[in-house]
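Enquirer: Okay, so here is upload-v5.pdb, and as you'll see once you scroll down, it has PDB, C-alpha atoms and all ligand atoms.
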ATOM      1  CA  MET A1062      36.491  22.352  10.183
ATOM      2  CA  LYS A1063      33.194  23.367   8.667
ATOM      3  CA  LEU A1064      33.600  20.718   5.947
ATOM      4  CA  LEU A1065      34.316  18.093   8.562
ATOM      5  CA  LYS A1066      31.184  19.119  10.452
ATOM      6  CA  ILE A1067      29.079  18.893   7.288
ATOM      7  CA  SER A1068      30.446  15.497   6.328
ATOM      8  CA  LEU A1069      29.952  14.196   9.878
ATOM      9  CA  LEU A1070      26.379  15.467   9.768
ATOM     10  CA  LEU A1071      25.795  13.809   6.387
ATOM     11  CA  THR A1072      27.240  10.501   7.580
ATOM     12  CA  PHE A1073      25.123  10.726  10.703
ATOM     13  CA  SER A1074      21.866  11.397   8.830
ATOM     14  CA  LEU A1075      22.666   8.661   6.312
ATOM     15  CA  ALA A1076      23.226   6.239   9.185
ATOM     16  CA  ILE A1077      19.876   7.223  10.695
ATOM     17  CA  ALA A1078      18.146   6.710   7.329
ATOM     18  CA  VAL A1079      19.689   3.246   6.890
ATOM     19  CA  CYS A1080      18.803   2.347  10.466
ATOM     20  CA  GLN A1081      15.187   3.481  10.031
ATOM     21  CA  SER A1082      14.823   1.550   6.810
ATOM     22  CA  GLN A1083      16.125  -1.597   8.578
ATOM     23  CA  THR A1084      13.617  -1.071  11.384
ATOM     24  CA  ILE A1085      10.798  -0.751   8.859
ATOM     25  CA  GLN A1086      11.950  -3.899   7.067
ATOM     26  CA  LYS A1087      11.770  -5.843  10.350
ATOM     27  CA  GLU A1088       8.284  -4.462  10.991
ATOM     28  CA  GLN A1089       7.242  -5.413   7.478
ATOM     29  CA  GLN A1090       8.450  -8.965   8.115
ATOM     30  CA  SER A1091       6.331  -9.198  11.247
ATOM     31  CA  ILE A1092       3.295  -7.759   9.418
ATOM     32  CA  LEU A1093       3.770 -10.394   6.698
ATOM     33  CA  ALA A1094       4.190 -13.126   9.314
ATOM     34  CA  GLY A1095       0.918 -12.230  11.047
ATOM     35  CA  LEU A1096      -1.121 -11.747   7.882
ATOM     36  CA  THR A1097       0.063 -14.964   6.234
ATOM     37  CA  GLY A1098      -0.308 -17.243   9.252
ATOM     38  CA  LYS A1099       3.420 -17.821   9.615
ATOM     39  CA  THR A1100       2.809 -16.706  13.192
ATOM     40  CA  GLY A1101      -0.406 -16.416  15.173
ATOM     41  CA  ILE A1102      -2.021 -13.068  15.940
ATOM     42  CA  ASN A1103      -2.719 -12.563  19.650
ATOM     43  CA  ASN A1104      -4.558 -15.662  20.873
ATOM     44  CA  HIS A1105      -5.924 -16.647  17.466
ATOM     45  CA  LYS A1106      -4.627 -19.637  15.621
ATOM     46  CA  PRO A1107      -2.471 -18.726  12.597
ATOM     47  CA  LEU A1108      -4.529 -17.401   9.674
ATOM     48  CA  HIS A1109      -5.222 -19.932   6.940
ATOM     49  CA  ASP A1110      -6.312 -17.191   4.539
ATOM     50  CA  ARG A1111      -7.949 -13.765   4.705
ATOM     51  CA  TYR A1112     -11.145 -14.766   2.969
ATOM     52  CA  SER A1113     -13.845 -15.579   5.530
ATOM     53  CA  ILE A1114     -15.469 -12.776   7.524
ATOM     54  CA  GLU A1115     -13.819 -14.067  10.688
ATOM     55  CA  ASN A1116     -10.322 -14.158   9.182
ATOM     56  CA  ARG A1117     -10.753 -10.761   7.558
ATOM     57  CA  ASN A1118     -11.763  -9.355  10.939
ATOM     58  CA  ILE A1119      -8.586 -10.717  12.543
ATOM     59  CA  ALA A1120      -6.379  -9.392   9.729
ATOM     60  CA  ARG A1121      -8.068  -5.976   9.756
ATOM     61  CA  ASP A1122      -7.716  -5.588  13.536
ATOM     62  CA  PHE A1123      -4.061  -6.579  13.286
ATOM     63  CA  LEU A1124      -3.377  -3.929  10.608
ATOM     64  CA  GLY A1125      -5.418  -1.390  12.541
ATOM     65  CA  ASN A1126      -3.194  -1.968  15.559
ATOM     66  CA  GLN A1127      -0.090  -1.333  13.426
ATOM     67  CA  ILE A1128      -1.570   2.031  12.400
ATOM     68  CA  LYS A1129      -2.458   2.876  16.006
ATOM     69  CA  GLY A1130       1.098   1.916  16.952
ATOM     70  CA  LEU A1131       2.269   4.850  14.835
ATOM     71  CA  GLY A1132       0.252   7.180  17.068
ATOM     72  CA  LEU A1133      -2.378   7.622  14.342
ATOM     73  CA  LYS A1134      -6.119   7.619  14.853
ATOM     74  CA  LEU A1135      -7.839   4.644  13.254
ATOM     75  CA  LYS A1136     -11.169   5.117  11.493
ATOM     76  CA  GLU A1137     -13.561   2.524  10.128
ATOM     77  CA  HIS A1138     -15.612   2.608   6.963
ATOM     78  CA  SER A1139     -18.301  -0.057   7.102
ATOM     79  CA  TYR A1140     -20.257  -0.479   3.918
ATOM     80  CA  LYS A1141     -23.166  -2.280   2.332
ATOM     81  CA  ILE A1142     -23.093  -1.993  -1.405
ATOM     82  CA  ASP A1143     -25.020  -3.386  -4.368
ATOM     83  CA  ILE A1144     -22.797  -4.206  -7.315
ATOM     84  CA  LEU A1145     -24.156  -5.083 -10.724
ATOM     85  CA  ARG A1146     -22.003  -7.539 -12.631
ATOM     86  CA  LYS A1147     -22.884  -9.501 -15.729
ATOM     87  CA  GLY A1148     -26.536  -8.530 -15.324
ATOM     88  CA  VAL A1149     -26.754  -9.733 -11.711
ATOM     89  CA  THR A1150     -26.888  -7.448  -8.689
ATOM     90  CA  LYS A1151     -25.157  -8.746  -5.598
ATOM     91  CA  ASN A1152     -25.085  -7.232  -2.145
ATOM     92  CA  TYR A1153     -21.760  -6.998  -0.303
ATOM     93  CA  GLU A1154     -20.949  -6.068   3.255
ATOM     94  CA  GLY A1155     -17.500  -5.279   4.541
ATOM     95  CA  LYS A1156     -15.244  -2.837   6.318
ATOM     96  CA  ASN A1157     -12.325  -0.706   5.158
ATOM     97  CA  ILE A1158     -10.081   0.993   7.702
ATOM     98  CA  TYR A1159      -8.176   4.228   7.277
ATOM     99  CA  THR A1160      -6.282   6.998   8.979
ATOM    100  CA  ILE A1161      -5.538  10.584   8.086
ATOM    101  CA  ILE A1162      -2.061  12.023   8.521
ATOM    102  CA  PRO A1163      -2.861  15.728   8.591
ATOM    103  CA  SER A1164      -1.005  18.417   6.699
ATOM    104  CA  THR A1165       1.202  20.676   8.805
ATOM    105  CA  THR A1166       0.127  23.740   6.837
ATOM    106  CA  GLU A1167      -3.460  24.704   5.943
ATOM    107  CA  SER A1168      -4.710  22.394   3.179
ATOM    108  CA  ASN A1169      -7.920  20.669   2.105
ATOM    109  CA  GLU A1170      -6.110  18.422  -0.385
ATOM    110  CA  TYR A1171      -5.646  14.697   0.121
ATOM    111  CA  VAL A1172      -3.223  12.168  -1.279
ATOM    112  CA  ILE A1173      -4.632   8.668  -0.803
ATOM    113  CA  ILE A1174      -2.488   5.547  -0.536
ATOM    114  CA  GLY A1175      -3.960   2.106   0.044
ATOM    115  CA  ALA A1176      -3.786  -1.648  -0.368
ATOM    116  CA  HIS A1177      -6.273  -4.508  -0.034
ATOM    117  CA  PHE A1178      -5.858  -6.810   2.952
ATOM    118  CA  ASP A1179      -8.085  -9.721   1.897
ATOM    119  CA  SER A1180      -6.963 -12.817   0.012
ATOM    120  CA  VAL A1181      -8.607 -15.489  -2.096
ATOM    121  CA  LYS A1182      -9.851 -18.625  -0.337
ATOM    122  CA  ASP A1183      -7.250 -21.115   0.971
ATOM    123  CA  CYS A1184      -4.376 -18.770   0.081
ATOM    124  CA  PRO A1185      -1.994 -17.237   2.644
ATOM    125  CA  GLY A1186      -1.838 -14.168   0.365
ATOM    126  CA  ALA A1187       1.762 -13.212   1.129
ATOM    127  CA  ASN A1188       2.578 -11.554  -2.164
ATOM    128  CA  ASP A1189      -1.098 -10.817  -2.840
ATOM    129  CA  ASN A1190      -1.414  -8.652  -0.879
ATOM    130  CA  ALA A1191       0.301  -8.735   2.498
ATOM    131  CA  THR A1192       3.237  -7.093   0.686
ATOM    132  CA  GLY A1193       1.066  -4.142  -0.399
ATOM    133  CA  CYS A1194      -0.208  -3.756   3.181
ATOM    134  CA  ALA A1195       3.341  -3.771   4.531
ATOM    135  CA  LEU A1196       4.497  -1.254   1.927
ATOM    136  CA  VAL A1197       1.664   1.105   2.825
ATOM    137  CA  TYR A1198       2.586   0.765   6.516
ATOM    138  CA  GLY A1199       6.227   1.651   5.788
ATOM    139  CA  VAL A1200       5.223   4.683   3.741
ATOM    140  CA  ALA A1201       2.731   5.839   6.405
ATOM    141  CA  LYS A1202       5.375   5.607   9.117
ATOM    142  CA  GLN A1203       7.806   7.781   7.173
ATOM    143  CA  ILE A1204       5.125  10.297   6.169
ATOM    144  CA  ALA A1205       4.003  10.664   9.773
ATOM    145  CA  ALA A1206       7.613  11.457  10.717
ATOM    146  CA  LEU A1207       7.952  14.313   8.209
ATOM    147  CA  LYS A1208       8.263  17.793   9.716
ATOM    148  CA  THR A1209       6.352  19.406   6.859
ATOM    149  CA  ARG A1210       3.356  18.180   4.901
ATOM    150  CA  THR A1211       1.541  20.545   2.578
ATOM    151  CA  LYS A1212      -1.257  18.051   1.922
ATOM    152  CA  ASN A1213      -3.171  15.547   4.032
ATOM    153  CA  VAL A1214      -2.436  11.884   3.469
ATOM    154  CA  MET A1215      -5.157   9.275   3.787
ATOM    155  CA  VAL A1216      -3.921   5.720   4.372
ATOM    156  CA  VAL A1217      -6.446   2.988   3.605
ATOM    157  CA  TYR A1218      -6.693  -0.789   3.894
ATOM    158  CA  PHE A1219      -9.361  -2.072   1.520
ATOM    159  CA  ASP A1220     -11.608  -5.039   2.153
ATOM    160  CA  GLN A1221     -12.886  -7.487  -0.511
ATOM    161  CA  GLU A1222     -10.649  -6.664  -3.472
ATOM    162  CA  GLU A1223     -10.720 -10.325  -4.377
ATOM    163  CA  HIS A1224     -14.530 -10.200  -4.610
ATOM    164  CA  GLY A1225     -14.146  -7.695  -7.462
ATOM    165  CA  LEU A1226     -12.719  -4.419  -6.078
ATOM    166  CA  VAL A1227     -15.659  -4.163  -3.680
ATOM    167  CA  GLY A1228     -14.006  -2.343  -0.758
ATOM    168  CA  SER A1229     -12.294   0.215  -2.986
ATOM    169  CA  GLN A1230     -15.508   0.861  -4.896
ATOM    170  CA  ALA A1231     -17.382   1.463  -1.639
ATOM    171  CA  PHE A1232     -14.559   3.744  -0.482
ATOM    172  CA  THR A1233     -14.704   5.715  -3.718
ATOM    173  CA  GLU A1234     -18.383   6.431  -3.061
ATOM    174  CA  PHE A1235     -17.572   7.367   0.528
ATOM    175  CA  ILE A1236     -14.992  10.018  -0.445
ATOM    176  CA  LYS A1237     -17.273  11.332  -3.200
ATOM    177  CA  GLU A1238     -20.032  11.840  -0.650
ATOM    178  CA  LYS A1239     -17.569  13.671   1.584
ATOM    179  CA  LYS A1240     -16.712  15.915  -1.400
ATOM    180  CA  MET A1241     -13.045  15.578  -0.559
ATOM    181  CA  ASN A1242     -10.469  17.409  -2.622
ATOM    182  CA  VAL A1243      -8.372  14.439  -3.740
ATOM    183  CA  HIS A1244      -5.003  15.148  -5.340
ATOM    184  CA  SER A1245      -4.279  11.542  -6.324
ATOM    185  CA  VAL A1246      -4.867   7.929  -5.351
ATOM    186  CA  HIS A1247      -2.079   5.308  -5.190
ATOM    187  CA  THR A1248      -3.002   1.655  -4.663
ATOM    188  CA  VAL A1249      -0.416  -1.053  -4.126
ATOM    189  CA  ASP A1250      -0.985  -4.702  -5.012
ATOM    190  CA  GLN A1251       1.728  -7.415  -5.103
ATOM    191  CA  MET A1252       5.181  -6.086  -4.316
ATOM    192  CA  GLY A1253       7.335  -9.010  -3.210
ATOM    193  CA  TRP A1254       8.801 -10.725  -6.256
ATOM    194  CA  ASP A1255      11.936  -9.723  -8.152
ATOM    195  CA  MET A1256      13.572 -12.798  -9.625
ATOM    196  CA  ASP A1257      15.722 -10.847 -12.107
ATOM    197  CA  ASN A1258      16.971  -8.523  -9.334
ATOM    198  CA  ASP A1259      16.507  -5.346 -11.373
ATOM    199  CA  ARG A1260      14.222  -3.797  -8.713
ATOM    200  CA  ASN A1261      11.966  -2.350 -11.400
ATOM    201  CA  ILE A1262       8.334  -1.692 -10.594
ATOM    202  CA  GLU A1263       5.261  -1.216 -12.767
ATOM    203  CA  ILE A1264       2.888   1.733 -12.604
ATOM    204  CA  GLU A1265      -0.586   0.994 -13.895
ATOM    205  CA  ILE A1266      -2.412   3.569 -16.032
ATOM    206  CA  PRO A1267      -0.836   6.623 -14.341
ATOM    207  CA  THR A1268      -1.917  10.149 -15.245
ATOM    208  CA  PRO A1269       0.834  11.952 -17.211
ATOM    209  CA  TYR A1270       1.818  13.910 -14.100
ATOM    210  CA  LEU A1271       1.998  10.855 -11.829
ATOM    211  CA  LYS A1272       3.999   9.037 -14.480
ATOM    212  CA  THR A1273       6.547  11.869 -14.501
ATOM    213  CA  VAL A1274       6.930  11.858 -10.720
ATOM    214  CA  TYR A1275       7.254   8.061 -10.409
ATOM    215  CA  GLN A1276       9.736   7.828 -13.262
ATOM    216  CA  LYS A1277      11.825  10.699 -11.914
ATOM    217  CA  GLN A1278      12.037   9.149  -8.437
ATOM    218  CA  ALA A1279      12.707   5.691  -9.911
ATOM    219  CA  LYS A1280      15.550   7.104 -11.983
ATOM    220  CA  LYS A1281      17.087   8.681  -8.863
ATOM    221  CA  LEU A1282      17.258   5.175  -7.366
ATOM    222  CA  GLY A1283      18.683   3.750 -10.585
ATOM    223  CA  ILE A1284      15.634   1.688 -11.580
ATOM    224  CA  LYS A1285      12.654   1.895 -13.926
ATOM    225  CA  ALA A1286       8.965   2.501 -13.259
ATOM    226  CA  LEU A1287       7.411   0.817 -16.277
ATOM    227  CA  VAL A1288       3.969   1.936 -17.426
ATOM    228  CA  THR A1289       1.388  -0.796 -18.089
ATOM    229  CA  PRO A1290      -2.336  -0.804 -18.976
ATOM    230  CA  GLU A1291      -3.188  -3.284 -16.190
ATOM    231  CA  ALA A1292      -6.556  -2.369 -14.636
ATOM    232  CA  GLY A1293      -7.243  -5.394 -12.431
ATOM    233  CA  SER A1294      -6.829  -3.829  -9.015
ATOM    234  CA  ASP A1295      -8.218  -1.190  -6.638
ATOM    235  CA  HIS A1296      -7.027   1.846  -8.618
ATOM    236  CA  ARG A1297      -9.649   1.087 -11.257
ATOM    237  CA  ALA A1298     -12.521   1.840  -8.874
ATOM    238  CA  PHE A1299     -11.143   5.353  -8.335
ATOM    239  CA  ARG A1300     -10.259   6.066 -11.963
ATOM    240  CA  THR A1301     -13.759   5.048 -13.076
ATOM    241  CA  GLU A1302     -15.135   7.826 -10.861
ATOM    242  CA  GLY A1303     -12.774  10.444 -12.264
ATOM    243  CA  PHE A1304      -9.995  10.452  -9.651
ATOM    244  CA  ASN A1305      -6.304  10.680 -10.597
ATOM    245  CA  ALA A1306      -5.323   7.142  -9.752
ATOM    246  CA  VAL A1307      -2.350   4.842 -10.271
ATOM    247  CA  GLY A1308      -1.662   1.203  -9.421
ATOM    248  CA  ILE A1309       1.778   0.139  -8.199
ATOM    249  CA  THR A1310       3.076  -3.404  -8.488
ATOM    250  CA  GLU A1311       6.036  -5.690  -9.207
ATOM    251  CA  GLU A1312       6.766  -6.523 -12.863
ATOM    252  CA  TYR A1313       3.384  -8.174 -13.294
ATOM    253  CA  ARG A1314       2.967  -7.570 -17.007
ATOM    254  CA  ASN A1315       6.680  -7.922 -17.653
ATOM    255  CA  LYS A1316       6.462 -11.464 -16.254
ATOM    256  CA  ASP A1317       8.789 -11.042 -13.293
ATOM    257  CA  THR A1318       5.910 -11.782 -10.942
ATOM    258  CA  THR A1319       5.105 -14.415  -8.342
ATOM    259  CA  PRO A1320       4.329 -17.855  -9.768
ATOM    260  CA  HIS A1321       2.303 -18.519  -6.590
ATOM    261  CA  TYR A1322      -0.485 -16.074  -7.482
ATOM    262  CA  HIS A1323      -3.781 -17.121  -5.809
ATOM    263  CA  ARG A1324      -2.270 -20.427  -4.728
ATOM    264  CA  VAL A1325      -1.780 -22.137  -1.419
ATOM    265  CA  THR A1326       1.954 -21.642  -2.023
ATOM    266  CA  ASP A1327       1.765 -17.800  -1.843
ATOM    267  CA  THR A1328       3.630 -17.944   1.467
ATOM    268  CA  TYR A1329       5.859 -15.714   3.614
ATOM    269  CA  GLU A1330       8.963 -17.617   2.479
ATOM    270  CA  THR A1331       8.507 -16.572  -1.171
ATOM    271  CA  VAL A1332       8.638 -12.832  -0.429
ATOM    272  CA  ASN A1333      11.693 -10.790  -1.384
ATOM    273  CA  PHE A1334      11.897  -8.404   1.582
ATOM    274  CA  GLU A1335      14.809  -6.414   0.143
ATOM    275  CA  TYR A1336      12.701  -5.612  -2.913
ATOM    276  CA  LEU A1337       9.696  -4.759  -0.742
ATOM    277  CA  SER A1338      11.847  -2.420   1.312
ATOM    278  CA  PHE A1339      13.373  -0.792  -1.766
ATOM    279  CA  SER A1340       9.920  -0.263  -3.321
ATOM    280  CA  THR A1341       8.640   1.154  -0.041
ATOM    281  CA  ASN A1342      11.344   3.821  -0.181
ATOM    282  CA  LEU A1343      10.542   4.610  -3.790
ATOM    283  CA  VAL A1344       6.827   5.060  -3.123
ATOM    284  CA  PHE A1345       7.627   7.119  -0.028
ATOM    285  CA  ASN A1346       9.890   9.379  -2.111
ATOM    286  CA  VAL A1347       7.050   9.891  -4.588
ATOM    287  CA  ILE A1348       4.464  10.728  -1.928
ATOM    288  CA  GLU A1349       6.980  12.966  -0.145
ATOM    289  CA  GLU A1350       7.495  14.921  -3.357
ATOM    290  CA  LEU A1351       3.720  15.300  -3.762
ATOM    291  CA  ILE A1352       3.177  16.588  -0.244
ATOM    292  CA  THR A1353       6.168  18.810   0.378
ATOM    293  CA  LYS A1354       5.849  21.325  -2.379
TER     294      LYS A1354
HETATM  295 ZN    ZN B   1      -4.330  -8.350  -5.075
END
Step by step, read the file and then write its structure as C-alpha cells.
Ligand SMILES: [Zn+2]

Expert:
Amino acid sequence: MKLLKISLLLTFSLAIAVCQSQTIQKEQQSILAGLTGKTGINNHKPLHDRYSIENRNIARDFLGNQIKGLGLKLKEHSYKIDILRKGVTKNYEGKNIYTIIPSTTESNEYVIIGAHFDSVKDCPGANDNATGCALVYGVAKQIAALKTRTKNVMVVYFDQEEHGLVGSQAFTEFIKEKKMNVHSVHTVDQMGWDMDNDRNIEIEIPTPYLKTVYQKQAKKLGIKALVTPEAGSDHRAFRTEGFNAVGITEEYRNKDTTPHYHRVTDTYETVNFEYLSFSTNLVFNVIEELITK
C-alpha cells in the first residue's frame, strides 16, 4: 500500500512537472512572438527590430510585464555611460530592467541571470536574443516557485548588447556601486538552434566551479555542456570586473548555430522551441543547485 502511495505520488509530481514545462513553453512562444514582431504588442504595430529607442522601449515594457505577471517587482536601471573604444569615447544612454527574487532564508548573496533584449537593425532577433529572454523568463518563473532559496536571485534584461555590451557594462558598474555580494553571473545569448538534435549547449569561459555544476546537471539530462573561449557577449562585462561569470549558448563555436545570425531572416519560425525548453530546464537545474544548498 505504501509503495502504491509513493508511486502514485511520484507519477503525480512528474505529471505536474511535465505540465508546468509545457505551460512555460507556450509562454516562451508568446514572448518570442511579441519580441520578433510575429504578433503585435498591445496597440503597437508588430516590431520590425529591437534597435531604435522606440522599439527597445516597446520590447522592454513587454518583458517587464512578463516579470510583473509572475508577481515580481520590476525595477529599472537607467544609465548614461561613456565607453572608450578604439581611442574614441562615445556616450550611450539606455535602460536595463531587473527584479530580485529574494532568498527565503537570511542571505546577502546574489546569483544573477540575464539576457539582452535588443537586436541589430532590421533584424527580428528571434534567436539573437529573444530566445535568451524567454529562457531567463522560464528560469525566473521556476525559481520564484521554489519553497526554499538560500540565495537571492537577480533577473536582468540588458539593453544595448549589440552596441558593444553597453547595458551589461553599465549594470556591472551599478552592482559594484551597490557593493553587492555576487555569487555568480549567468548570461544567456542565442538558445534556439539545434540542427543535429543532440541538445548540447556551450558554456563560455566558466569558472572551474561553474563548469563542474553545469557539466554535472547536463550529464543528468544526458547531454553535454561544452566549454568554449567565446567572449563576445554580456558575460564579458562582468568577468572584466572580477565577477564569476559564464555565458550560455547553443553550439555556437561547434557550428550548430543559427545561419540567420544578424539577418532579416532571424525569425520566429526558425526557433527550435523544444531545444529552448530543454535548455531552460537545464539552466534552472543549475541555478536551483546554486541556491538550495
Ligand atoms: Zn546576442

Enquirer: Excluding region 1288-1301 of chain A and any residue of its chain fewer than 4 positions from it, enumerate the residues within 6 Å of it, using only C-alpha atoms, and give them as a PDB file with C-alpha atoms, in the coordinates of the input.

Expert:
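The resulting file, part.pdb, is shown below:
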ATOM      1  CA  LEU A1226     -12.719  -4.419  -6.078  1.00  0.00           C
ATOM      2  CA  SER A1229     -12.294   0.215  -2.986  1.00  0.00           C
ATOM      3  CA  GLN A1230     -15.508   0.861  -4.896  1.00  0.00           C
ATOM      4  CA  THR A1233     -14.704   5.715  -3.718  1.00  0.00           C
ATOM      5  CA  THR A1248      -3.002   1.655  -4.663  1.00  0.00           C
ATOM      6  CA  GLU A1263       5.261  -1.216 -12.767  1.00  0.00           C
ATOM      7  CA  ILE A1264       2.888   1.733 -12.604  1.00  0.00           C
ATOM      8  CA  GLU A1265      -0.586   0.994 -13.895  1.00  0.00           C
ATOM      9  CA  ILE A1266      -2.412   3.569 -16.032  1.00  0.00           C
ATOM     10  CA  ALA A1306      -5.323   7.142  -9.752  1.00  0.00           C
ATOM     11  CA  VAL A1307      -2.350   4.842 -10.271  1.00  0.00           C
ATOM     12  CA  GLY A1308      -1.662   1.203  -9.421  1.00  0.00           C
TER      13      GLY A1308
END

Enquirer: Compute the set of protein, DNA and RNA residues whose minimum atom distance to ligand ZN 1 (chain B) is at most 8 Å, using only C-alpha atoms and all ligand atoms, and state it as a VMD selection string.

Expert: chain A and resid 1177 1180 1189 to 1190 1222 to 1223 1250 to 1251 1294

Enquirer: Would you compute the distance between CA of Gly1098 (chain A) and CA of Phe1339 (chain A)? Give it in Å to one decimal.

Expert: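 Distance between the two atoms: 24.1 Å.
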
Enquirer: Could you check which residues have any atom within 12 Å of (-6.9, -20.1, 12.0), counting all atoms listed in the file with coordinates taken straight from the file, and then list them as a compact mmCIF listing (two decimals) with C-alpha atoms, in the frame of the given file?

Expert:
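And here is the file that came out, point_31.txt:
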# COMPACT_ATOMS: atom_id res chain seq x y z
CA GLY A 1095 0.92 -12.23 11.05
CA LEU A 1096 -1.12 -11.75 7.88
CA THR A 1097 0.06 -14.96 6.23
CA GLY A 1098 -0.31 -17.24 9.25
CA LYS A 1099 3.42 -17.82 9.62
CA THR A 1100 2.81 -16.71 13.19
CA GLY A 1101 -0.41 -16.42 15.17
CA ILE A 1102 -2.02 -13.07 15.94
CA ASN A 1103 -2.72 -12.56 19.65
CA ASN A 1104 -4.56 -15.66 20.87
CA HIS A 1105 -5.92 -16.65 17.47
CA LYS A 1106 -4.63 -19.64 15.62
CA PRO A 1107 -2.47 -18.73 12.60
CA LEU A 1108 -4.53 -17.40 9.67
CA HIS A 1109 -5.22 -19.93 6.94
CA ASP A 1110 -6.31 -17.19 4.54
CA ARG A 1111 -7.95 -13.76 4.70
CA TYR A 1112 -11.14 -14.77 2.97
CA SER A 1113 -13.84 -15.58 5.53
CA GLU A 1115 -13.82 -14.07 10.69
CA ASN A 1116 -10.32 -14.16 9.18
CA ARG A 1117 -10.75 -10.76 7.56
CA ASN A 1118 -11.76 -9.36 10.94
CA ILE A 1119 -8.59 -10.72 12.54
CA ALA A 1120 -6.38 -9.39 9.73
CA ASP A 1183 -7.25 -21.12 0.97
CA PRO A 1185 -1.99 -17.24 2.64

Enquirer: Can you pull out every residue within 10 Å of Ala1205 (chain A), counting only C-alpha atoms, but drop anything in the same chain fewer than 6 positions away, and send it as a list in words?

Expert: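 Near neighbours after the sequence-gap exclusion: Leu1131, Gly1132, Leu1133, Ile1161, Ile1162, Pro1163, Ser1164 and Val1214 of chain A.
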
Enquirer: Excluding Lys1134 (chain A) and residues on its chain fewer than 3 positions from it, collect all residues at most 8 Å away from it, counting only C-alpha atoms, and give them as a list in words.

Expert: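 Here the qualifying residues turn out to be Ile1128, Lys1129, Thr1160 and Ile1161 of chain A.
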
Enquirer: Only N, CA and C atoms, please: region 1182-1198 of chain A from the block, as a PDB file, in the first residue's frame.

Expert:
ATOM      1  N   LYS A1182      19.973  46.250 -36.211  1.00  0.00           N
ATOM      2  CA  LYS A1182      18.998  46.953 -37.040  1.00  0.00           C
ATOM      3  C   LYS A1182      18.406  46.024 -38.124  1.00  0.00           C
ATOM      4  N   ASP A1183      17.122  46.194 -38.376  1.00  0.00           N
ATOM      5  CA  ASP A1183      16.408  45.436 -39.419  1.00  0.00           C
ATOM      6  C   ASP A1183      16.458  43.923 -39.219  1.00  0.00           C
ATOM      7  N   CYS A1184      16.541  43.487 -37.967  1.00  0.00           N
ATOM      8  CA  CYS A1184      16.604  42.050 -37.674  1.00  0.00           C
ATOM      9  C   CYS A1184      15.573  41.726 -36.589  1.00  0.00           C
ATOM     10  N   PRO A1185      14.684  40.753 -36.859  1.00  0.00           N
ATOM     11  CA  PRO A1185      13.675  40.411 -35.849  1.00  0.00           C
ATOM     12  C   PRO A1185      14.295  39.835 -34.565  1.00  0.00           C
ATOM     13  N   GLY A1186      15.545  39.376 -34.648  1.00  0.00           N
ATOM     14  CA  GLY A1186      16.258  38.948 -33.435  1.00  0.00           C
ATOM     15  C   GLY A1186      15.552  37.840 -32.677  1.00  0.00           C
ATOM     16  N   ALA A1187      15.107  36.812 -33.390  1.00  0.00           N
ATOM     17  CA  ALA A1187      14.427  35.693 -32.723  1.00  0.00           C
ATOM     18  C   ALA A1187      15.449  34.868 -31.940  1.00  0.00           C
ATOM     19  N   ASN A1188      16.402  34.304 -32.675  1.00  0.00           N
ATOM     20  CA  ASN A1188      17.442  33.543 -31.982  1.00  0.00           C
ATOM     21  C   ASN A1188      18.275  34.486 -31.110  1.00  0.00           C
ATOM     22  N   ASP A1189      18.649  35.602 -31.693  1.00  0.00           N
ATOM     23  CA  ASP A1189      19.526  36.587 -31.030  1.00  0.00           C
ATOM     24  C   ASP A1189      18.777  37.849 -30.714  1.00  0.00           C
ATOM     25  N   ASN A1190      18.141  38.011 -29.587  1.00  0.00           N
ATOM     26  CA  ASN A1190      18.241  37.130 -28.444  1.00  0.00           C
ATOM     27  C   ASN A1190      16.907  37.009 -27.731  1.00  0.00           C
ATOM     28  N   ALA A1191      15.824  36.911 -28.538  1.00  0.00           N
ATOM     29  CA  ALA A1191      14.517  36.674 -27.919  1.00  0.00           C
ATOM     30  C   ALA A1191      14.541  35.330 -27.203  1.00  0.00           C
ATOM     31  N   THR A1192      15.331  34.373 -27.729  1.00  0.00           N
ATOM     32  CA  THR A1192      15.406  33.056 -27.075  1.00  0.00           C
ATOM     33  C   THR A1192      16.023  33.172 -25.678  1.00  0.00           C
ATOM     34  N   GLY A1193      17.087  33.975 -25.559  1.00  0.00           N
ATOM     35  CA  GLY A1193      17.720  34.163 -24.243  1.00  0.00           C
ATOM     36  C   GLY A1193      16.749  34.801 -23.259  1.00  0.00           C
ATOM     37  N   CYS A1194      15.970  35.784 -23.752  1.00  0.00           N
ATOM     38  CA  CYS A1194      14.980  36.456 -22.893  1.00  0.00           C
ATOM     39  C   CYS A1194      13.929  35.453 -22.408  1.00  0.00           C
ATOM     40  N   ALA A1195      13.481  34.602 -23.324  1.00  0.00           N
ATOM     41  CA  ALA A1195      12.456  33.620 -22.975  1.00  0.00           C
ATOM     42  C   ALA A1195      13.010  32.570 -22.006  1.00  0.00           C
ATOM     43  N   LEU A1196      14.252  32.192 -22.198  1.00  0.00           N
ATOM     44  CA  LEU A1196      14.873  31.226 -21.279  1.00  0.00           C
ATOM     45  C   LEU A1196      14.927  31.811 -19.869  1.00  0.00           C
ATOM     46  N   VAL A1197      15.380  33.052 -19.791  1.00  0.00           N
ATOM     47  CA  VAL A1197      15.507  33.711 -18.483  1.00  0.00           C
ATOM     48  C   VAL A1197      14.130  33.815 -17.808  1.00  0.00           C
ATOM     49  N   TYR A1198      13.096  34.095 -18.602  1.00  0.00           N
ATOM     50  CA  TYR A1198      11.737  34.141 -18.046  1.00  0.00           C
ATOM     51  C   TYR A1198      11.350  32.779 -17.453  1.00  0.00           C
TER      52      TYR A1198
END
